[in-house]
Amino acid sequence: MKKQVQQLLDSALEDRPDLFLINMEVSEANQIRVIIDGDKGVKVQDCIEISRAIEHNLDRESEDFSLEVLSAGVSEPLTMARQYQKNIGRKLKVRSNDQTIEGKLEKADDNEIILTWKVREPKPIGKGKVTVEKQAQLAYDDIQEAKVMITF
């Protein structure tokens with residue numbers, strides 16, 4: 001069943017190039033769980049369309065199943081370069097192999113991201129502190145977890 005669901009999902013996503021697959025699981029009990037994201041976010045209608053494209057092409061008479069189509073949650077970590085690219089300009093909390101950085105996502109390509117943030121550091125000469133802008137370039141392979149920081 002997993003292969004059939006994957007084919008139906010691929011076909012549905014071909015018709016919607018603004019949407020992309022984050023994860024798809026089919027349990028032994030035929031519980032199908034699909035998580036999608038979109039370049040401009042995901043609306044409820046998008047989940048309904050993808051769900052129908054799968055459900056209407058499977059036969060419950062021959063094999064029973066349950067289907068759940070979800071959008072990638074705001075609290076979920078980013079897992080694909082395309083997710084980083086759609087979040088350029090937003091604040092991220094990124095845990096890499098050797099540090100944790102909270103900064104603005106300035107750039108994201110197929111291999112790496114660039115984060116910027118400001119810190120207060122002692123002046124090189126004299127007393128007091130000065131605000132300095134820092135920048136980090138991180139390859140996706142070095143990122144253990146990255147989440148969008150929600151600000152209210």
# chains A, B, ... in the order shown; residues from 1 in each chain; ligands from 1
$ residues_around --residues "Asp37 of chain A" --least-positions-apart "3" --cutoff "8 Å" --atoms "only C-alpha atoms" --output "count of residues only"
9
$ residues_around --residues "Gln7 of chain A" --least-positions-apart "3" --cutoff "12 Å" --atoms "only C-alpha atoms" --output "PDB file with C-alpha atoms, in the first residue's frame"
ATOM      1  CA  MET A   1       0.000   0.000   0.000  1.00  0.00           C
ATOM      2  CA  LYS A   2       2.885   2.379   0.784  1.00  0.00           C
ATOM      3  CA  LYS A   3       4.091   2.364  -2.826  1.00  0.00           C
ATOM      4  CA  GLN A   4       0.587   3.129  -4.116  1.00  0.00           C
ATOM      5  CA  ASP A  10       3.677  12.356  -5.973  1.00  0.00           C
ATOM      6  CA  SER A  11       0.963  12.873  -8.579  1.00  0.00           C
ATOM      7  CA  ALA A  12      -1.018  15.234  -6.321  1.00  0.00           C
ATOM      8  CA  LEU A  13       2.099  17.267  -5.516  1.00  0.00           C
ATOM      9  CA  GLU A  14       2.972  17.523  -9.228  1.00  0.00           C
ATOM     10  CA  MET A  24       4.836  10.140   4.767  1.00  0.00           C
ATOM     11  CA  ALA A  53      -6.227  12.860  -4.225  1.00  0.00           C
ATOM     12  CA  ILE A  54      -5.073   9.908  -2.149  1.00  0.00           C
ATOM     13  CA  ASN A  57      -7.912   6.552  -5.525  1.00  0.00           C
ATOM     14  CA  LEU A  58      -7.675   3.850  -2.873  1.00  0.00           C
TER      15      LEU A  58
END
$ select_by_dssp --residues "chain A" --states "helix (DSSP H, G or I)" --output "ChimeraX atom specification"
/A:2-14,44-55,81-86,140-142
$ select_by_dssp --residues "chain A" --states "strand (DSSP E or B)" --output "VMD selection string"
chain A and resid 19 to 26 31 to 39 41 66 to 71 91 to 96 100 to 108 112 to 122 129 to 139 143 to 148
$ residues_around --residues "Thr100 of chain A" --least-positions-apart "5" --cutoff "12 Å" --atoms "only C-alpha atoms" --output "ChimeraX atom specification"
/A:92-95,115,136,138,142-147
$ residues_around --residues "Phe65 of chain A" --least-positions-apart "6" --cutoff "10 Å" --atoms "only C-alpha atoms" --output "VMD selection string"
chain A and resid 1 26 to 27 29 to 32 55 58 to 59
$ residues_around --residues "Ile113 of chain A" --least-positions-apart "2" --cutoff "7 Å" --atoms "only C-alpha atoms" --output "VMD selection string"
chain A and resid 107 to 109 115 137 to 139
$ residues_around --residues "Leu105 of chain A" --least-positions-apart "4" --cutoff "6 Å" --atoms "only C-alpha atoms" --output "ChimeraX atom specification"
/A:88-90,115
